[in-house]
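Asker: This is the structure, below, for whatever I ask next.
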Amino acid sequence: MEPPTSSRLNSRKRRKDGSGPNGATEPDGIPPKMSRRSFGLREPAPFSDEVEIDYSKPYIRVTYEEAMRGTPLDRPVRVYADGIFDLFHSGHARALMQAKNLFPNTYLIVGVCSDELTHNFKGFTVMNENERYDAVQHCRYVDEVVRNAPWTLTPEFLAEHRIDFVAHDDIPYSSAGSDDVYKHIKEAGMFAPTQRTEGISTSDIITRIVRDYDVYARRNLQRGYTAKELNVSFINEKKYHLQERVDKVKKRVKDVEEKSKEFVQKVEEKSIDLIQKWEEKSREFIGNFLEMFGPEGALKHMLKEGKGRMLQAISPKQSPSSSPTHDRSPSPSFRWPFSTKTPPSSPANRARNESAVTYDISEDEED
């Protein structure tokens, strides 16, 4: 299948101008990437027996230098990568991504070994061959999938699929009575090494499942799988159910503890706020009390002022010092009611009365 004409023209223009996909010049003379010819962008990659190959054209393998310089769009570099791809994971995807990006114009063919070969040479798989074929088909970097791929690559197989290079990690792969099944490929100059992704592999995933077998068995029992489907005995089934109940109780206790901690924290925060407000109000109350009843408070000044007014009101008025006739103003004579006689008086009162009489007489004389 050929790509659209517009994409071919654009790719040729970028290669001629030496600019990147966004018009930027490629640094250090690295050839620009061409548009990808991939079936996997919008639909699964086809199987090799579904793709037509034009055998009328002779098969001439591309050298490494020619592949790195870039080949015409109608002649991509055909790279082959094979594997088991059991429990397809990111390590597999990264290896295929590296194989796809080995050269500017790459057509990636991926071979997947069958169950029979895999079980004989490597061991039992978790996924069957059809599941593994389907997983590789849906990888975005794959252009074609070869089912029932051979364990050891033969010249006839390489010629049939017109393979230019074989991509795999550089670690010797000992199997099928050979120290390295890719040894003859390396000697022929057709090997293109890729890098393994550390920390992820099918064996690592299986190891995690085996190590935490009880956890995953309980997990699937909760999801509706039967003990028979999981190959779990009656005793283990009851044990898992008991463990599940214990875990639920522990979770509830933990939730209660967390909620109680939150409640205590809220109470502490509110108590701190109440204490602060109480301190502020108490300071205000004490200040107002001292302002009113303290040594120099408003109450003392009010009492002093009232006392002065009372003393001023009850004390007699004194006569002016410049008066020529008497020292103080006369006080009116007191008489008993309903009586014409004056009450008996003491000598002091008698003197006062005499002076009053004298005062009255003098006033009459003046009149």
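Identifiers for the structure tokens are assigned positionally: chains receive A, B, ... in sequence, residues are indexed from 1 per chain, and ligands are indexed from 1 in the order shown.
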Give me the residues near A:Gln137 as a PDB file with all heavy atoms, in the first residue's frame, where near means some atom within 12 Å (using only C-alpha atoms) and where sequence neighbours in that chain fewer than 6 positions away do not count.

Answerer:
ATOM      1  N   SER A  38       2.510   3.252   7.864  1.00  0.00           N
ATOM      2  CA  SER A  38       2.095   2.286   8.870  1.00  0.00           C
ATOM      3  C   SER A  38       0.615   1.994   8.759  1.00  0.00           C
ATOM      4  O   SER A  38      -0.198   2.886   8.584  1.00  0.00           O
ATOM      5  CB  SER A  38       2.399   2.812  10.284  1.00  0.00           C
ATOM      6  OG  SER A  38       1.921   1.932  11.261  1.00  0.00           O
ATOM      7  N   PHE A  39       0.305   0.693   8.810  1.00  0.00           N
ATOM      8  CA  PHE A  39      -1.093   0.294   8.853  1.00  0.00           C
ATOM      9  C   PHE A  39      -1.678   0.465  10.247  1.00  0.00           C
ATOM     10  O   PHE A  39      -2.881   0.516  10.414  1.00  0.00           O
ATOM     11  CB  PHE A  39      -1.230  -1.191   8.451  1.00  0.00           C
ATOM     12  CG  PHE A  39      -0.795  -1.479   7.044  1.00  0.00           C
ATOM     13  CD1 PHE A  39       0.463  -1.971   6.782  1.00  0.00           C
ATOM     14  CD2 PHE A  39      -1.649  -1.234   5.985  1.00  0.00           C
ATOM     15  CE1 PHE A  39       0.866  -2.239   5.487  1.00  0.00           C
ATOM     16  CE2 PHE A  39      -1.253  -1.506   4.685  1.00  0.00           C
ATOM     17  CZ  PHE A  39       0.012  -2.001   4.432  1.00  0.00           C
ATOM     18  N   GLY A  40      -0.819   0.518  11.248  1.00  0.00           N
ATOM     19  CA  GLY A  40      -1.272   0.496  12.628  1.00  0.00           C
ATOM     20  C   GLY A  40      -1.720   1.827  13.189  1.00  0.00           C
ATOM     21  O   GLY A  40      -2.039   1.900  14.359  1.00  0.00           O
ATOM     22  N   LEU A  41      -1.739   2.877  12.361  1.00  0.00           N
ATOM     23  CA  LEU A  41      -2.140   4.169  12.886  1.00  0.00           C
ATOM     24  C   LEU A  41      -3.648   4.240  13.101  1.00  0.00           C
ATOM     25  O   LEU A  41      -4.109   4.861  14.051  1.00  0.00           O
ATOM     26  CB  LEU A  41      -1.692   5.276  11.932  1.00  0.00           C
ATOM     27  CG  LEU A  41      -0.184   5.504  11.849  1.00  0.00           C
ATOM     28  CD1 LEU A  41       0.122   6.601  10.850  1.00  0.00           C
ATOM     29  CD2 LEU A  41       0.387   5.874  13.211  1.00  0.00           C
ATOM     30  N   ARG A  42      -4.417   3.629  12.238  1.00  0.00           N
ATOM     31  CA  ARG A  42      -5.874   3.702  12.342  1.00  0.00           C
ATOM     32  C   ARG A  42      -6.537   2.331  12.421  1.00  0.00           C
ATOM     33  O   ARG A  42      -7.730   2.257  12.697  1.00  0.00           O
ATOM     34  CB  ARG A  42      -6.447   4.472  11.146  1.00  0.00           C
ATOM     35  CG  ARG A  42      -5.998   5.930  11.119  1.00  0.00           C
ATOM     36  CD  ARG A  42      -6.719   6.701  10.042  1.00  0.00           C
ATOM     37  NE  ARG A  42      -6.313   8.086  10.016  1.00  0.00           N
ATOM     38  CZ  ARG A  42      -6.793   8.999   9.168  1.00  0.00           C
ATOM     39  NH1 ARG A  42      -7.715   8.644   8.277  1.00  0.00           N
ATOM     40  NH2 ARG A  42      -6.367  10.246   9.201  1.00  0.00           N
ATOM     41  N   GLU A  43      -5.814   1.295  12.139  1.00  0.00           N
ATOM     42  CA  GLU A  43      -6.371  -0.053  12.180  1.00  0.00           C
ATOM     43  C   GLU A  43      -5.257  -1.025  12.549  1.00  0.00           C
ATOM     44  O   GLU A  43      -4.074  -0.676  12.465  1.00  0.00           O
ATOM     45  CB  GLU A  43      -6.985  -0.426  10.829  1.00  0.00           C
ATOM     46  CG  GLU A  43      -6.007  -0.331   9.669  1.00  0.00           C
ATOM     47  CD  GLU A  43      -6.682  -0.569   8.324  1.00  0.00           C
ATOM     48  OE1 GLU A  43      -7.919  -0.607   8.275  1.00  0.00           O
ATOM     49  OE2 GLU A  43      -5.958  -0.714   7.328  1.00  0.00           O
ATOM     50  N   PRO A  44      -5.603  -2.221  12.985  1.00  0.00           N
ATOM     51  CA  PRO A  44      -4.550  -3.186  13.354  1.00  0.00           C
ATOM     52  C   PRO A  44      -3.647  -3.517  12.168  1.00  0.00           C
ATOM     53  O   PRO A  44      -4.061  -3.476  11.007  1.00  0.00           O
ATOM     54  CB  PRO A  44      -5.346  -4.410  13.815  1.00  0.00           C
ATOM     55  CG  PRO A  44      -6.698  -3.895  14.166  1.00  0.00           C
ATOM     56  CD  PRO A  44      -6.944  -2.743  13.254  1.00  0.00           C
ATOM     57  N   ALA A  45      -2.415  -3.835  12.497  1.00  0.00           N
ATOM     58  CA  ALA A  45      -1.468  -4.223  11.452  1.00  0.00           C
ATOM     59  C   ALA A  45      -1.906  -5.543  10.822  1.00  0.00           C
ATOM     60  O   ALA A  45      -2.381  -6.442  11.518  1.00  0.00           O
ATOM     61  CB  ALA A  45      -0.077  -4.359  12.050  1.00  0.00           C
ATOM     62  N   PRO A  46      -1.771  -5.705   9.504  1.00  0.00           N
ATOM     63  CA  PRO A  46      -2.198  -6.948   8.852  1.00  0.00           C
ATOM     64  C   PRO A  46      -1.201  -8.077   9.080  1.00  0.00           C
ATOM     65  O   PRO A  46      -0.044  -7.851   9.446  1.00  0.00           O
ATOM     66  CB  PRO A  46      -2.268  -6.554   7.379  1.00  0.00           C
ATOM     67  CG  PRO A  46      -1.229  -5.483   7.245  1.00  0.00           C
ATOM     68  CD  PRO A  46      -1.243  -4.727   8.529  1.00  0.00           C
ATOM     69  N   PHE A  47      -1.653  -9.296   8.869  1.00  0.00           N
ATOM     70  CA  PHE A  47      -0.754 -10.438   8.908  1.00  0.00           C
ATOM     71  C   PHE A  47      -0.014 -10.539   7.580  1.00  0.00           C
ATOM     72  O   PHE A  47      -0.469 -10.044   6.542  1.00  0.00           O
ATOM     73  CB  PHE A  47      -1.539 -11.715   9.191  1.00  0.00           C
ATOM     74  CG  PHE A  47      -2.150 -11.762  10.571  1.00  0.00           C
ATOM     75  CD1 PHE A  47      -3.523 -11.746  10.739  1.00  0.00           C
ATOM     76  CD2 PHE A  47      -1.339 -11.800  11.696  1.00  0.00           C
ATOM     77  CE1 PHE A  47      -4.084 -11.781  11.994  1.00  0.00           C
ATOM     78  CE2 PHE A  47      -1.891 -11.832  12.966  1.00  0.00           C
ATOM     79  CZ  PHE A  47      -3.268 -11.831  13.112  1.00  0.00           C
ATOM     80  N   SER A  48       1.119 -11.200   7.627  1.00  0.00           N
ATOM     81  CA  SER A  48       1.966 -11.271   6.433  1.00  0.00           C
ATOM     82  C   SER A  48       1.278 -12.002   5.282  1.00  0.00           C
ATOM     83  O   SER A  48       1.509 -11.678   4.104  1.00  0.00           O
ATOM     84  CB  SER A  48       3.289 -11.964   6.769  1.00  0.00           C
ATOM     85  OG  SER A  48       3.039 -13.266   7.287  1.00  0.00           O
ATOM     86  N   PHE A  85       6.286 -12.252  23.142  1.00  0.00           N
ATOM     87  CA  PHE A  85       5.341 -11.178  23.449  1.00  0.00           C
ATOM     88  C   PHE A  85       4.194 -11.670  24.333  1.00  0.00           C
ATOM     89  O   PHE A  85       3.020 -11.348  24.098  1.00  0.00           O
ATOM     90  CB  PHE A  85       4.799 -10.526  22.171  1.00  0.00           C
ATOM     91  CG  PHE A  85       5.869  -9.976  21.275  1.00  0.00           C
ATOM     92  CD1 PHE A  85       6.223 -10.633  20.092  1.00  0.00           C
ATOM     93  CD2 PHE A  85       6.541  -8.828  21.613  1.00  0.00           C
ATOM     94  CE1 PHE A  85       7.209 -10.130  19.272  1.00  0.00           C
ATOM     95  CE2 PHE A  85       7.536  -8.309  20.798  1.00  0.00           C
ATOM     96  CZ  PHE A  85       7.879  -8.962  19.635  1.00  0.00           C
ATOM     97  N   PHE A  88       1.903  -8.839  26.848  1.00  0.00           N
ATOM     98  CA  PHE A  88       2.497  -7.690  26.152  1.00  0.00           C
ATOM     99  C   PHE A  88       2.526  -6.465  27.066  1.00  0.00           C
ATOM    100  O   PHE A  88       1.494  -6.035  27.586  1.00  0.00           O
ATOM    101  CB  PHE A  88       1.685  -7.387  24.893  1.00  0.00           C
ATOM    102  CG  PHE A  88       2.355  -6.430  23.959  1.00  0.00           C
ATOM    103  CD1 PHE A  88       3.200  -6.884  22.969  1.00  0.00           C
ATOM    104  CD2 PHE A  88       2.129  -5.073  24.065  1.00  0.00           C
ATOM    105  CE1 PHE A  88       3.814  -5.997  22.092  1.00  0.00           C
ATOM    106  CE2 PHE A  88       2.733  -4.172  23.202  1.00  0.00           C
ATOM    107  CZ  PHE A  88       3.583  -4.651  22.217  1.00  0.00           C
ATOM    108  N   ALA A  93       6.750  -2.869  23.824  1.00  0.00           N
ATOM    109  CA  ALA A  93       6.421  -1.710  22.990  1.00  0.00           C
ATOM    110  C   ALA A  93       7.643  -0.829  22.754  1.00  0.00           C
ATOM    111  O   ALA A  93       7.855  -0.321  21.641  1.00  0.00           O
ATOM    112  CB  ALA A  93       5.300  -0.904  23.637  1.00  0.00           C
ATOM    113  N   LEU A  96       9.941  -2.442  20.131  1.00  0.00           N
ATOM    114  CA  LEU A  96       9.412  -2.255  18.781  1.00  0.00           C
ATOM    115  C   LEU A  96       9.518  -0.802  18.336  1.00  0.00           C
ATOM    116  O   LEU A  96       9.723  -0.521  17.145  1.00  0.00           O
ATOM    117  CB  LEU A  96       7.954  -2.729  18.734  1.00  0.00           C
ATOM    118  CG  LEU A  96       7.737  -4.217  19.043  1.00  0.00           C
ATOM    119  CD1 LEU A  96       6.258  -4.564  18.989  1.00  0.00           C
ATOM    120  CD2 LEU A  96       8.526  -5.098  18.084  1.00  0.00           C
ATOM    121  N   LEU A 108       8.318  -2.047   9.593  1.00  0.00           N
ATOM    122  CA  LEU A 108       8.604  -2.993  10.667  1.00  0.00           C
ATOM    123  C   LEU A 108       7.726  -4.232  10.534  1.00  0.00           C
ATOM    124  O   LEU A 108       6.492  -4.144  10.529  1.00  0.00           O
ATOM    125  CB  LEU A 108       8.365  -2.330  12.024  1.00  0.00           C
ATOM    126  CG  LEU A 108       8.636  -3.195  13.252  1.00  0.00           C
ATOM    127  CD1 LEU A 108      10.085  -3.673  13.281  1.00  0.00           C
ATOM    128  CD2 LEU A 108       8.315  -2.435  14.527  1.00  0.00           C
ATOM    129  N   ILE A 109       8.382  -5.380  10.454  1.00  0.00           N
ATOM    130  CA  ILE A 109       7.722  -6.679  10.418  1.00  0.00           C
ATOM    131  C   ILE A 109       8.025  -7.376  11.737  1.00  0.00           C
ATOM    132  O   ILE A 109       9.193  -7.478  12.134  1.00  0.00           O
ATOM    133  CB  ILE A 109       8.238  -7.535   9.235  1.00  0.00           C
ATOM    134  CG1 ILE A 109       8.098  -6.754   7.923  1.00  0.00           C
ATOM    135  CG2 ILE A 109       7.507  -8.864   9.164  1.00  0.00           C
ATOM    136  CD1 ILE A 109       8.821  -7.413   6.752  1.00  0.00           C
ATOM    137  N   VAL A 110       6.997  -7.859  12.415  1.00  0.00           N
ATOM    138  CA  VAL A 110       7.161  -8.487  13.719  1.00  0.00           C
ATOM    139  C   VAL A 110       6.700  -9.936  13.627  1.00  0.00           C
ATOM    140  O   VAL A 110       5.563 -10.217  13.206  1.00  0.00           O
ATOM    141  CB  VAL A 110       6.353  -7.744  14.806  1.00  0.00           C
ATOM    142  CG1 VAL A 110       6.540  -8.428  16.157  1.00  0.00           C
ATOM    143  CG2 VAL A 110       6.793  -6.292  14.882  1.00  0.00           C
ATOM    144  N   GLY A 111       7.608 -10.852  14.027  1.00  0.00           N
ATOM    145  CA  GLY A 111       7.275 -12.262  14.045  1.00  0.00           C
ATOM    146  C   GLY A 111       6.923 -12.730  15.446  1.00  0.00           C
ATOM    147  O   GLY A 111       7.614 -12.398  16.406  1.00  0.00           O
ATOM    148  N   VAL A 112       5.833 -13.471  15.562  1.00  0.00           N
ATOM    149  CA  VAL A 112       5.371 -13.996  16.845  1.00  0.00           C
ATOM    150  C   VAL A 112       5.381 -15.523  16.762  1.00  0.00           C
ATOM    151  O   VAL A 112       4.738 -16.102  15.867  1.00  0.00           O
ATOM    152  CB  VAL A 112       3.962 -13.487  17.190  1.00  0.00           C
ATOM    153  CG1 VAL A 112       3.543 -13.978  18.570  1.00  0.00           C
ATOM    154  CG2 VAL A 112       3.923 -11.963  17.135  1.00  0.00           C
ATOM    155  N   ASN A 130      -3.051 -16.859  19.713  1.00  0.00           N
ATOM    156  CA  ASN A 130      -3.978 -15.896  19.091  1.00  0.00           C
ATOM    157  C   ASN A 130      -4.046 -14.596  19.891  1.00  0.00           C
ATOM    158  O   ASN A 130      -4.131 -13.508  19.315  1.00  0.00           O
ATOM    159  CB  ASN A 130      -5.372 -16.519  18.981  1.00  0.00           C
ATOM    160  CG  ASN A 130      -5.421 -17.665  17.988  1.00  0.00           C
ATOM    161  OD1 ASN A 130      -4.737 -17.624  16.949  1.00  0.00           O
ATOM    162  ND2 ASN A 130      -6.206 -18.696  18.281  1.00  0.00           N
ATOM    163  N   GLU A 131      -4.024 -14.701  21.204  1.00  0.00           N
ATOM    164  CA  GLU A 131      -4.026 -13.500  22.046  1.00  0.00           C
ATOM    165  C   GLU A 131      -2.731 -12.713  21.851  1.00  0.00           C
ATOM    166  O   GLU A 131      -2.747 -11.474  21.828  1.00  0.00           O
ATOM    167  CB  GLU A 131      -4.194 -13.899  23.506  1.00  0.00           C
ATOM    168  CG  GLU A 131      -5.559 -14.493  23.822  1.00  0.00           C
ATOM    169  CD  GLU A 131      -5.623 -15.104  25.211  1.00  0.00           C
ATOM    170  OE1 GLU A 131      -4.556 -15.432  25.766  1.00  0.00           O
ATOM    171  OE2 GLU A 131      -6.747 -15.262  25.745  1.00  0.00           O
ATOM    172  N   ASP A 143       3.949  -2.649  11.399  1.00  0.00           N
ATOM    173  CA  ASP A 143       3.361  -2.546  10.068  1.00  0.00           C
ATOM    174  C   ASP A 143       2.859  -3.890   9.547  1.00  0.00           C
ATOM    175  O   ASP A 143       1.965  -3.927   8.695  1.00  0.00           O
ATOM    176  CB  ASP A 143       4.389  -1.991   9.074  1.00  0.00           C
ATOM    177  CG  ASP A 143       4.828  -0.578   9.433  1.00  0.00           C
ATOM    178  OD1 ASP A 143       3.948   0.262   9.663  1.00  0.00           O
ATOM    179  OD2 ASP A 143       6.041  -0.317   9.510  1.00  0.00           O
ATOM    180  N   GLU A 144       3.426  -4.983  10.059  1.00  0.00           N
ATOM    181  CA  GLU A 144       3.041  -6.302   9.557  1.00  0.00           C
ATOM    182  C   GLU A 144       3.383  -7.340  10.620  1.00  0.00           C
ATOM    183  O   GLU A 144       4.395  -7.212  11.308  1.00  0.00           O
ATOM    184  CB  GLU A 144       3.774  -6.595   8.246  1.00  0.00           C
ATOM    185  CG  GLU A 144       3.409  -7.904   7.587  1.00  0.00           C
ATOM    186  CD  GLU A 144       4.179  -8.117   6.288  1.00  0.00           C
ATOM    187  OE1 GLU A 144       4.477  -7.100   5.604  1.00  0.00           O
ATOM    188  OE2 GLU A 144       4.499  -9.273   5.967  1.00  0.00           O
ATOM    189  N   VAL A 145       2.552  -8.367  10.749  1.00  0.00           N
ATOM    190  CA  VAL A 145       2.754  -9.411  11.747  1.00  0.00           C
ATOM    191  C   VAL A 145       2.886 -10.760  11.042  1.00  0.00           C
ATOM    192  O   VAL A 145       2.068 -11.100  10.171  1.00  0.00           O
ATOM    193  CB  VAL A 145       1.583  -9.459  12.754  1.00  0.00           C
ATOM    194  CG1 VAL A 145       1.769 -10.600  13.750  1.00  0.00           C
ATOM    195  CG2 VAL A 145       1.472  -8.134  13.489  1.00  0.00           C
ATOM    196  N   VAL A 146       3.910 -11.508  11.431  1.00  0.00           N
ATOM    197  CA  VAL A 146       4.141 -12.854  10.904  1.00  0.00           C
ATOM    198  C   VAL A 146       3.722 -13.852  11.969  1.00  0.00           C
ATOM    199  O   VAL A 146       4.319 -13.894  13.055  1.00  0.00           O
ATOM    200  CB  VAL A 146       5.620 -13.061  10.514  1.00  0.00           C
ATOM    201  CG1 VAL A 146       5.839 -14.490  10.017  1.00  0.00           C
ATOM    202  CG2 VAL A 146       6.037 -12.048   9.459  1.00  0.00           C
ATOM    203  N   ARG A 147       2.685 -14.631  11.675  1.00  0.00           N
ATOM    204  CA  ARG A 147       2.256 -15.669  12.605  1.00  0.00           C
ATOM    205  C   ARG A 147       3.122 -16.914  12.454  1.00  0.00           C
ATOM    206  O   ARG A 147       3.646 -17.185  11.372  1.00  0.00           O
ATOM    207  CB  ARG A 147       0.776 -16.016  12.354  1.00  0.00           C
ATOM    208  CG  ARG A 147      -0.169 -14.892  12.709  1.00  0.00           C
ATOM    209  CD  ARG A 147      -1.608 -15.270  12.417  1.00  0.00           C
ATOM    210  NE  ARG A 147      -1.901 -15.246  10.977  1.00  0.00           N
ATOM    211  CZ  ARG A 147      -3.132 -15.306  10.466  1.00  0.00           C
ATOM    212  NH1 ARG A 147      -4.186 -15.373  11.283  1.00  0.00           N
ATOM    213  NH2 ARG A 147      -3.322 -15.288   9.165  1.00  0.00           N
TER     214      ARG A 147
END

Asker: Mind listing the strand (DSSP E or B) residues of stretch 37-231 of chain A, per DSSP on the backbone, as an NGL selection string?

Answerer: :A and (47 or 77-83 or 106-112 or 144-147 or 165-169 or 175 or 178 or 191-194)

Asker: I need the residues from that last selection saved to file as a tab-separated table (two decimals), in the first residue's frame (with C-alpha atoms), if you can.

Answerer:
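Here's the written file selection-v9.tsv:
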chain	number	residue	atom	x	y	z
A	47	PHE	CA	-0.75	-10.44	8.91
A	77	VAL	CA	14.03	-0.47	4.89
A	78	ARG	CA	12.37	-3.73	5.96
A	79	VAL	CA	13.26	-4.46	9.59
A	80	TYR	CA	12.28	-7.71	11.27
A	81	ALA	CA	11.84	-8.22	15.03
A	82	ASP	CA	10.62	-11.44	16.59
A	83	GLY	CA	9.64	-12.60	20.06
A	106	THR	CA	11.38	1.84	8.14
A	107	TYR	CA	8.80	-0.87	7.51
A	108	LEU	CA	8.60	-2.99	10.67
A	109	ILE	CA	7.72	-6.68	10.42
A	110	VAL	CA	7.16	-8.49	13.72
A	111	GLY	CA	7.27	-12.26	14.05
A	112	VAL	CA	5.37	-14.00	16.84
A	144	GLU	CA	3.04	-6.30	9.56
A	145	VAL	CA	2.75	-9.41	11.75
A	146	VAL	CA	4.14	-12.85	10.90
A	147	ARG	CA	2.26	-15.67	12.60
A	165	PHE	CA	17.85	-6.05	9.02
A	166	VAL	CA	16.92	-7.99	12.16
A	167	ALA	CA	16.38	-5.99	15.36
A	168	HIS	CA	16.92	-7.45	18.82
A	169	ASP	CA	18.83	-6.63	21.98
A	175	SER	CA	18.32	-21.54	22.86
A	178	SER	CA	22.87	-22.68	20.17
A	191	PHE	CA	21.80	-7.30	12.96
A	192	ALA	CA	20.52	-3.97	14.35
A	193	PRO	CA	20.79	-3.87	18.17
A	194	THR	CA	18.15	-2.39	20.44

Asker: Name the residues in contact with stretch 230-239 of chain A at a cut-off of 9 Å, using only C-alpha atoms, excluding same-chain residues fewer than 5 positions from it; report them as a PDB file with all heavy atoms, in the first residue's frame.

Answerer:
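Dumped to part-v3.pdb:
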ATOM      1  N   ALA A 217      -5.719 -14.135  44.423  1.00  0.00           N
ATOM      2  CA  ALA A 217      -6.782 -15.125  44.542  1.00  0.00           C
ATOM      3  C   ALA A 217      -7.988 -14.522  45.262  1.00  0.00           C
ATOM      4  O   ALA A 217      -9.144 -14.686  44.830  1.00  0.00           O
ATOM      5  CB  ALA A 217      -6.262 -16.351  45.288  1.00  0.00           C
ATOM      6  N   ARG A 218      -7.741 -13.801  46.346  1.00  0.00           N
ATOM      7  CA  ARG A 218      -8.825 -13.132  47.056  1.00  0.00           C
ATOM      8  C   ARG A 218      -9.479 -12.072  46.173  1.00  0.00           C
ATOM      9  O   ARG A 218     -10.698 -11.894  46.190  1.00  0.00           O
ATOM     10  CB  ARG A 218      -8.291 -12.503  48.337  1.00  0.00           C
ATOM     11  CG  ARG A 218      -7.906 -13.508  49.408  1.00  0.00           C
ATOM     12  CD  ARG A 218      -7.090 -12.858  50.502  1.00  0.00           C
ATOM     13  NE  ARG A 218      -7.738 -11.676  51.033  1.00  0.00           N
ATOM     14  CZ  ARG A 218      -7.153 -10.823  51.862  1.00  0.00           C
ATOM     15  NH1 ARG A 218      -5.897 -11.020  52.242  1.00  0.00           N
ATOM     16  NH2 ARG A 218      -7.803  -9.769  52.310  1.00  0.00           N
ATOM     17  N   ASN A 220      -9.810 -12.041  42.884  1.00  0.00           N
ATOM     18  CA  ASN A 220     -10.695 -12.642  41.886  1.00  0.00           C
ATOM     19  C   ASN A 220     -11.904 -13.310  42.518  1.00  0.00           C
ATOM     20  O   ASN A 220     -12.971 -13.361  41.894  1.00  0.00           O
ATOM     21  CB  ASN A 220      -9.907 -13.653  41.045  1.00  0.00           C
ATOM     22  CG  ASN A 220      -9.042 -12.969  40.003  1.00  0.00           C
ATOM     23  OD1 ASN A 220      -8.931 -11.751  39.999  1.00  0.00           O
ATOM     24  ND2 ASN A 220      -8.420 -13.741  39.135  1.00  0.00           N
ATOM     25  N   LEU A 221     -11.762 -13.811  43.731  1.00  0.00           N
ATOM     26  CA  LEU A 221     -12.930 -14.348  44.428  1.00  0.00           C
ATOM     27  C   LEU A 221     -13.947 -13.245  44.689  1.00  0.00           C
ATOM     28  O   LEU A 221     -15.158 -13.448  44.574  1.00  0.00           O
ATOM     29  CB  LEU A 221     -12.511 -15.019  45.739  1.00  0.00           C
ATOM     30  CG  LEU A 221     -11.841 -16.394  45.627  1.00  0.00           C
ATOM     31  CD1 LEU A 221     -11.322 -16.844  46.991  1.00  0.00           C
ATOM     32  CD2 LEU A 221     -12.816 -17.433  45.061  1.00  0.00           C
ATOM     33  N   TYR A 225     -15.281 -14.801  40.568  1.00  0.00           N
ATOM     34  CA  TYR A 225     -14.725 -16.075  40.114  1.00  0.00           C
ATOM     35  C   TYR A 225     -14.939 -17.143  41.197  1.00  0.00           C
ATOM     36  O   TYR A 225     -14.861 -16.862  42.397  1.00  0.00           O
ATOM     37  CB  TYR A 225     -13.239 -15.937  39.814  1.00  0.00           C
ATOM     38  CG  TYR A 225     -12.942 -15.151  38.563  1.00  0.00           C
ATOM     39  CD1 TYR A 225     -12.804 -13.764  38.609  1.00  0.00           C
ATOM     40  CD2 TYR A 225     -12.816 -15.776  37.332  1.00  0.00           C
ATOM     41  CE1 TYR A 225     -12.539 -13.028  37.467  1.00  0.00           C
ATOM     42  CE2 TYR A 225     -12.545 -15.052  36.174  1.00  0.00           C
ATOM     43  CZ  TYR A 225     -12.420 -13.682  36.251  1.00  0.00           C
ATOM     44  OH  TYR A 225     -12.165 -12.954  35.117  1.00  0.00           O
ATOM     45  N   GLU A 244     -10.742 -11.802  54.258  1.00  0.00           N
ATOM     46  CA  GLU A 244     -11.433 -10.647  53.692  1.00  0.00           C
ATOM     47  C   GLU A 244     -12.282  -9.949  54.751  1.00  0.00           C
ATOM     48  O   GLU A 244     -12.308  -8.707  54.832  1.00  0.00           O
ATOM     49  CB  GLU A 244     -12.308 -11.100  52.529  1.00  0.00           C
ATOM     50  CG  GLU A 244     -13.013  -9.966  51.815  1.00  0.00           C
ATOM     51  CD  GLU A 244     -12.035  -9.014  51.160  1.00  0.00           C
ATOM     52  OE1 GLU A 244     -10.915  -9.443  50.838  1.00  0.00           O
ATOM     53  OE2 GLU A 244     -12.405  -7.836  50.980  1.00  0.00           O
TER      54      GLU A 244
END

Asker: Name the residues in contact with stretch 202-216 of chain A at a cut-off of 8 Å, using only C-alpha atoms, excluding same-chain residues fewer than 5 positions from it; report them as a list in words.

Answerer: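 That gives Asp86, Leu87, Phe88, His89 and Tyr240 of chain A.
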
Asker: Since we have the selection now, will you write its residues out, keeping N, CA and C atoms, as a PDB file, in the first residue's frame?

Answerer:
ATOM      1  N   ASP A  86       4.533 -12.468  25.331  1.00  0.00           N
ATOM      2  CA  ASP A  86       3.546 -12.935  26.295  1.00  0.00           C
ATOM      3  C   ASP A  86       3.303 -11.827  27.318  1.00  0.00           C
ATOM      4  N   LEU A  87       2.041 -11.614  27.688  1.00  0.00           N
ATOM      5  CA  LEU A  87       1.661 -10.503  28.571  1.00  0.00           C
ATOM      6  C   LEU A  87       2.266  -9.198  28.047  1.00  0.00           C
ATOM      7  N   PHE A  88       1.903  -8.839  26.848  1.00  0.00           N
ATOM      8  CA  PHE A  88       2.497  -7.690  26.152  1.00  0.00           C
ATOM      9  C   PHE A  88       2.526  -6.465  27.066  1.00  0.00           C
ATOM     10  N   HIS A  89       3.721  -5.896  27.250  1.00  0.00           N
ATOM     11  CA  HIS A  89       3.904  -4.797  28.202  1.00  0.00           C
ATOM     12  C   HIS A  89       4.745  -3.690  27.569  1.00  0.00           C
ATOM     13  N   TYR A 240      -9.613 -17.468  52.707  1.00  0.00           N
ATOM     14  CA  TYR A 240      -9.607 -16.187  52.007  1.00  0.00           C
ATOM     15  C   TYR A 240     -10.816 -15.343  52.400  1.00  0.00           C
TER      16      TYR A 240
END

Asker: Write down as a ChimeraX atom specification the residues belonging to stretch 39-288 of chain A that are assigned alpha helix (DSSP H) by DSSP computed on the backbone.

Answerer: /A:64-69,90-100,115-121,129-137,155-160,183-187,202-211,213-222,234-288

Asker: Skipping near chain neighbours, those fewer than 2 positions away, what residues fall within 12 Å of A:Glu198 using only C-alpha atoms, listed as a list in words?

Answerer: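 After dropping sequence-adjacent residues, the list is Ser90, Gly91, His92, Arg94, Ala95, Gln195, Arg196, Ile200, Ser201, Thr202 and Asp204 of chain A.
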
Asker: Distance atom CA of A:Ala67-atom CA of A:Cys113, one decimal place?

Answerer: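 Computing the Euclidean distance for atom CA of A:Ala67 and atom CA of A:Cys113 yields 27.4 Å.
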